[in-house]
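First comes the structure, then the notes that go with it.
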Protein chains: 4
Amino acid sequence: MGSTFGKLLKISTFGESHGPALGVVVDGLPAGINIDTSFIQEEMDRRKPGQSKITTQRKEADGFEILSGVFEGQSTGAPIGIVIRNKDQKSKDYSHIEEKFRPSHADYTYEAKYGIRDHRGGGRSSARETAARVAAGALAKLFLQHFGVTIQAYVSQVGSLKLEKEYQDLNLELTETNIVRCPDPAMADKMIELIDGVRKDRDTIGGVVQCVIKGTPVGLGEPVFDRLHAELGKAMLGINAVKGFEYGSGFEGVTMRGSEHNDAFYKEGATIKTKTNYSGGIQGGISNGEDIYFKVAFKPVATIMKDQLSVDKKGNTVNVSGKGRHDPCVVPRAVPIVEAMAALVLADNLLINRTKKL
Amino acid sequence: MGSTFGKLLKISTFGESHGPALGVVVDGLPAGINIDTSFIQEEMDRRKPGQSKITTQRKEADGFEILSGVFEGQSTGAPIGIVIRNKDQKSKDYSHIEEKFRPSHADYTYEAKYGIRDHRGGGRSSARETAARVAAGALAKLFLQHFGVTIQAYVSQVGSLKLEKEYQDLNLELTETNIVRCPDPAMADKMIELIDGVRKDRDTIGGVVQCVIKGTPVGLGEPVFDRLHAELGKAMLGINAVKGFEYGSGFEGVTMRGSEHNDAFYKEGATIKTKTNYSGGIQGGISNGEDIYFKVAFKPVATIMKDQLSVDKKGNTVNVSGKGRHDPCVVPRAVPIVEAMAALVLADNLLINRTKKL
Amino acid sequence: MGSTFGKLLKISTFGESHGPALGVVVDGLPAGINIDTSFIQEEMDRRKPGQSKITTQRKEADGFEILSGVFEGQSTGAPIGIVIRNKDQKSKDYSHIEEKFRPSHADYTYEAKYGIRDHRGGGRSSARETAARVAAGALAKLFLQHFGVTIQAYVSQVGSLKLEKEYQDLNLELTETNIVRCPDPAMADKMIELIDGVRKDRDTIGGVVQCVIKGTPVGLGEPVFDRLHAELGKAMLGINAVKGFEYGSGFEGVTMRGSEHNDAFYKEGATIKTKTNYSGGIQGGISNGEDIYFKVAFKPVATIMKDQLSVDKKGNTVNVSGKGRHDPCVVPRAVPIVEAMAALVLADNLLINRTKKL
Amino acid sequence: MGSTFGKLLKISTFGESHGPALGVVVDGLPAGINIDTSFIQEEMDRRKPGQSKITTQRKEADGFEILSGVFEGQSTGAPIGIVIRNKDQKSKDYSHIEEKFRPSHADYTYEAKYGIRDHRGGGRSSARETAARVAAGALAKLFLQHFGVTIQAYVSQVGSLKLEKEYQDLNLELTETNIVRCPDPAMADKMIELIDGVRKDRDTIGGVVQCVIKGTPVGLGEPVFDRLHAELGKAMLGINAVKGFEYGSGFEGVTMRGSEHNDAFYKEGATIKTKTNYSGGIQGGISNGEDIYFKVAFKPVATIMKDQLSVDKKGNTVNVSGKGRHDPCVVPRAVPIVEAMAALVLADNLLINRTKKL
């Protein structure tokens, strides 16, 4: 339990940061999809470490191998097994924490829960696991292409540097033109400078990723517990370092009156649309065809290059100092992860929705 | 799909606002728990309509009947079926919307998804469904009592009126002493005044419910996708009108540096504790024994007593005006719902955690 | 866990034999199905006690109430809650077994598993629970009607009286013309006589129910673990008193050679058919369009009107004697239960199969 | 869907016969189990092809690699990913069936269901997939060892050669001493001779595997739908070529009277036992501590070395002749598969049962 996500399109990930490999089994992807392996690799490259000066300098090539479920370039409907070998591990970088609990990491809770812990690189709790999600998410994107659904995430905040423009006023095509993945070039420069400064301080900082989904058919999402935004929220809160999720008007919406917040319907051609979109494209948990948009808050990475007081397994007070190569800010590399998880949710709900009418 | 929640402690709710009854089947509650029916009724009374001038004036007694799973006052391990009859329905209040799509309601999306819609009172999309959750949540609370886990929610914001004090600085015993369920009496008065004004304007307003869970054993929550906070987030985002969820440092945490945000471990007696608690009691998705706390954003209720433009099934432009008796602000009655969903998540994870070690 | 069945069409049953009511929540039934309540009642009447001299003489009217999910006579896609009140309970008939474990009943295992047991009428382990399944199965049948799938079960064996004719050589229309539900009138008379004799001996006897499903579309069933026959098998083995399941050539097929057993394909018009059907309409776990047929073995009912030695909770040797009104042979009333469970499996797989191709 | 099995101990298999590899992700295995890799290899060797003259002569070494979830020789509670590379594939052996549907294979149904099919060696429908189950089952056995649960399967019938002795009268230690895996040496010789003759005839034959589980704690299995025998039945019916499952008295039990069939309880020391065991160790779906035993019927393998008439994709009548290296009888190699699936069911239910009492 815990390593499987999705209902009809189901992924099961496995693997630790410093074991032989990590991977994913994607079950339920419909047959007949062209599996574009170079697209999968591109997606994984957006997430991989070492891609710029503001990410970790670890070099993980993140090549992948598809072991099953694809025949003559097409999905067959059978589970797709994907393996990603671990290569640039430096497990010795972690010997100093074998007995220590790093502050705000999962060391203590894993040890308490399981009575045993692979301490190397955080083991199963490492964000390296998300490489498998990006591979699976790429498959979901290939499926969604057939229905015109597009998913674009970008960095909207780093520390206190917050993009004031809404996504409608930004050119999201610019997102991938800079290393912080912010579609406003001027703000991107400031964010990069901030992160670089934080890195030089041997510290880390948080940020926000915004995501926009366009072209969603009307009707996706299940009522009551499995509302589309509840599934998106769970998906995002399941990403390492996430502390919050809001969609549509979000936390700011609480200050509004119903008469302002309600999205008036009107008809444009054959399509029912809304004049505003505080609902965030989801009403009663079900997509209404408008853009779906949401924000995901990431805390500052817990691994810092400074000395910190903590305890070891025996309860002794100890000093913990970060070693190795780590991200000063996680959001640039989180962008493709947010997209991948969103793609999995949308694809799953697209399939579920085929079963609702006679 | 969509009406079932939980893994080992699983609830399935059913029922519409204006049908004969709604109810819930609670499966997986362990045997041997004293089922205190007056406690369940108390919990339901906290949610019921008509409890004060700032809630809807509908009178729903919300009596319930336990149909199964309890023998001589104790849970038997068999599914507990609970039925709550609908009584004070005025279905005619809804005949005017039979063909119309109310703005920011689920009318349009349900109609599109299913091709048919019980328009009376919102049908399945009505927040009346949450009565069943509160009953189920009360059972979860009775289970959690045995492990010293307590769950307390309260209103921390209505519109722009925001409680600046943290939960540690509030006396949560005061929450139930006022009709808005805010533990700060002075702020409560202001909030009540605000809601009452909004009501007189025939409008509605949003708010925030904060929840604090104390006494959680270390080790609850599953890694990767089913992190404890991801399950809590999904549970909250599955409540009607919720637009956002954050836990621990939340969205504000993104502005912090890792060196500030990290929660240093120390030992107190035999217990490992943290000096600060920006983690919100959860690290790597697993409880660390500290208080779990989170915030849930509720939008302004969509039903307002004002005229609004919309469309009908045929796409004609129509006028929609609210009728009936509705809540000007949902948060006072949302407090027990938030607690109920949190209790279900905690109880479920407490059971799951029994299976993790040899 | 244990009281829920199905993946997309999911039922959750609840209720004990002598509690206030039993019932079922049916989630995932597509919207737009005409809910013919008299058909549901007819199905329940086929299962109800007291219908003939060879069934239990308890009088349970088995009326049902639909609480949700149906609007203006049609399914809405929302969960359908159904309650069946218990009426002709004579709980005192069971006070003599409060402390005793009846042989080959679930008394001992429930007590050991849960530490508490509703002893009245077997509590949750009572076959009365199957009333809820028949109601749910009737809904599944109403759905399957739209696709031309028909399900017919009949009694093919009672004790050693075994129908030698295959289903193709029987007129299944005759099944409901006699009280034992055997489509061969001469054999039916013998079976009735046998059961009546067993009843007079205050004893019970086993039997076999055969089921035939016609009109199944090609492609239902999932590979590997969730093969269509594996789901049917689990469904049948989940019915009280079932000891075995076989489909197609079954246990007799093991004596055959591959060259005899293989079903040769040929084409008839646009349809691919098989000359023989040892496969039982399922190949590789997936329906091939031929008739699906299977047999279900029911043991003799454990409650006999004779004295038997057993033990009580404290381990004392005690005498147990059957009281009350019980079935001397379960198979006549099992026929609609087998059909109901088969209908649920087929309907569920029909929905799942909508999601397999691009 | 379809490639995942289990609730708390969950396995997801992937892979085709002639792809790069097959494998399995085992999620939910508790932490702290010594992972004895040589034991896993031994189990896989019992299933591997080419082990004797009466199995297929394909040489598949079936080496495996553990990719995750094990640290310093112990399970960590994280998912265990296992990959088994395909090596001795001769895909060209299958080019002649690319367009043809082999009788009683899954060629036609897969093609119809998915619109695409990996024809090489049966693709996903190949019994080669069971290698992954045996690896997973070995892990389950390592877990069950800690609770004294032992699982032993053996061949009890080949064609019409049927072992008349019950398992109690056999020395199950002898099972692995002959190549057909029948614990009666005289019968084993006859079975081997029969299979060898069938092989020379270029034909195949069916058989029965019996399985005995000893040492099961009282209380495993969930009431109603997920009875222990229903889970075992589904597990067995999910194995390739299985046509039937019966446990305890099985199909023969239907001829008995209740007064014969009921298993009288008595007390031996502190333990409640039964004098007979027609219940097969399971009452009301829950284990009672007696031996669990069941039989699994396997049809004759569909691939025969004779010419057969069939159709191709276009519906043309074609001749199909078996090529390659195939099993004349599947039961000798099915023994470890039956044990593996039984082990997974028992281990899963052992975990589930930890959550049933306060």
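Ligands are numbered from 1 in the order shown, residues from 1 within each chain, and chains are lettered A, B, ... in the order they appear in the structure tokens.
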Please tabulate, as CSV, the residues of range 121-238 of chain A that come within 12 Å of range 249-256 of chain A, each with its closest pair of atoms and the distance in Å to one decimal, counting only C-alpha atoms and ordering rows by chain, then residue number upward.
residue,atom,partner,partner_atom,distance
A:Glu166,CA,A:Ser249,CA,11.6
A:His229,CA,A:Gly250,CA,11.3
A:Gly233,CA,A:Gly250,CA,11.9
For chain C, list the residues within 6 Å of chain B, counting only C-alpha atoms, and write the list as a ChimeraX atom specification.
/C:1,14-15,20-21,28,31,67-68,76,79,114,116
For CA of Ser38 in chain B and CA of Gln210 in chain B, determine how far apart the two atoms are, in Å to one decimal place.
25.6 Å
When you look at Gln145 in chain B with a cut-off of 12 Å (counting only C-alpha atoms), what residues show up, excluding the ones that are within fewer than 3 positions of it in the same chain? I need them as a list of chain:residue names.
B:Ile33, B:Asn34, B:Ile35, B:Asp36, B:Ala138, B:Leu139, B:Ala140, B:Lys141, B:Leu142, B:Gly148, B:Val149, B:Thr150, B:Ile151, B:Lys214, B:Gly215, B:Thr216, B:Ala343, B:Leu346, B:Ala347, D:Leu358
Residues of the last selection are to be written out with C-alpha atoms, as a short mmCIF file (atom, residue, chain, number, x, y, z; two decimals), in the first residue's frame.
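Result written to selection_25.cif:
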data_model
loop_
_atom_site.label_atom_id
_atom_site.label_comp_id
_atom_site.auth_asym_id
_atom_site.auth_seq_id
_atom_site.Cartn_x
_atom_site.Cartn_y
_atom_site.Cartn_z
CA ILE B 33 -15.88 -1.05 20.36
CA ASN B 34 -18.65 0.34 22.53
CA ILE B 35 -20.99 2.10 20.14
CA ASP B 36 -22.15 5.15 22.03
CA ALA B 138 -18.18 9.39 14.99
CA LEU B 139 -17.54 5.65 14.84
CA ALA B 140 -13.94 6.34 13.85
CA LYS B 141 -13.60 8.71 16.79
CA LEU B 142 -14.90 6.05 19.18
CA GLY B 148 -5.56 8.66 22.82
CA VAL B 149 -5.95 10.38 19.45
CA THR B 150 -8.04 13.56 19.63
CA ILE B 151 -9.24 15.70 16.76
CA LYS B 214 -3.10 15.34 19.00
CA GLY B 215 -1.80 12.05 20.28
CA THR B 216 -1.15 10.39 16.94
CA ALA B 343 -10.98 10.70 12.08
CA LEU B 346 -6.46 8.43 11.11
CA ALA B 347 -8.39 5.31 12.06
CA LEU D 358 -9.89 -3.41 18.88
#
Can you list, as a list in words, every protein, DNA or RNA residue that comes within 7 Å of Gly137 in chain B when you count only C-alpha atoms, leaving out same-chain residues fewer than 6 positions away?
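These residues fall inside the cut-off: Ala340, Met341, Ala343 and Leu344 of chain B.
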Since we have the selection now, will you write its residues out, keeping N, CA, C and O atoms, as a PDB file, in the first residue's frame?
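result.pdb written:
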ATOM      1  N   ALA B 340     -14.719  14.666  11.148  1.00  0.00           N
ATOM      2  CA  ALA B 340     -15.151  13.306  10.795  1.00  0.00           C
ATOM      3  C   ALA B 340     -14.235  12.704   9.748  1.00  0.00           C
ATOM      4  O   ALA B 340     -13.784  11.552   9.874  1.00  0.00           O
ATOM      5  N   MET B 341     -13.945  13.474   8.719  1.00  0.00           N
ATOM      6  CA  MET B 341     -13.076  12.950   7.653  1.00  0.00           C
ATOM      7  C   MET B 341     -11.662  12.700   8.187  1.00  0.00           C
ATOM      8  O   MET B 341     -11.013  11.714   7.827  1.00  0.00           O
ATOM      9  N   ALA B 343     -10.914  11.901  11.232  1.00  0.00           N
ATOM     10  CA  ALA B 343     -10.982  10.702  12.077  1.00  0.00           C
ATOM     11  C   ALA B 343     -10.955   9.436  11.231  1.00  0.00           C
ATOM     12  O   ALA B 343     -10.300   8.447  11.581  1.00  0.00           O
ATOM     13  N   LEU B 344     -11.657   9.464  10.112  1.00  0.00           N
ATOM     14  CA  LEU B 344     -11.668   8.287   9.235  1.00  0.00           C
ATOM     15  C   LEU B 344     -10.274   7.998   8.682  1.00  0.00           C
ATOM     16  O   LEU B 344      -9.843   6.846   8.620  1.00  0.00           O
TER      17      LEU B 344
END
Report as a PyMOL selection string all protein, DNA and RNA residues lying within 12 Å of Ala112 in chain B, evaluated on only C-alpha atoms, omitting residues in the same chain fewer than 5 positions from it.
(chain A and resi 217-221+271-272+283+286-289+353+356-357) or (chain B and resi 101+106-107+117+313) or (chain C and resi 31+76-77)
Would you please give, as number ranges by chain, all residues of range 151-239 of chain C that DSSP assigns to strand (DSSP E or B) based on the backbone?
C: 151-158, 161-162, 205, 207-214
Would you please give, as a count of residues only, all residues of range 70-302 of chain C that DSSP assigns to alpha helix (DSSP H) based on the backbone?
54
Pull the closest atom pair for each residue of range 212-331 of chain D that gets at most 10 Å from range 190-206 of chain D, along with the distance in Å to one decimal, counting only C-alpha atoms, ordering rows by chain and then ascending residue number, as a tab-separated table.
residue	atom	partner	partner_atom	distance
D:Ala241	CA	D:Gly206	CA	9.0
D:Val242	CA	D:Gly206	CA	9.6
D:Ala297	CA	D:Gly206	CA	7.8
D:Phe298	CA	D:Gly206	CA	5.4
D:Lys299	CA	D:Gly206	CA	4.5
D:Pro300	CA	D:Gly206	CA	3.9
D:Val301	CA	D:Thr204	CA	5.7
D:Ala302	CA	D:Thr204	CA	7.6
D:Thr303	CA	D:Thr204	CA	7.8
D:Ile304	CA	D:Asp203	CA	5.1
D:Met305	CA	D:Arg202	CA	4.8
D:Lys306	CA	D:Arg202	CA	6.3
D:Gly322	CA	D:Arg202	CA	9.1
D:His326	CA	D:Thr204	CA	9.3
D:Asp327	CA	D:Thr204	CA	7.5
D:Pro328	CA	D:Thr204	CA	4.3
D:Cys329	CA	D:Ile205	CA	5.3
D:Val330	CA	D:Gly206	CA	7.2
D:Val331	CA	D:Gly206	CA	7.5
re CA of Lys295 in chain A and CA of Val338 in chain A: distance 9.8 Å
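Between Pro49 in chain B and the candidates B:Val224, B:Ala334, B:Leu351, B:Met187, the tightest atom-to-atom separation, counting only C-alpha atoms, involves B:Ala334.
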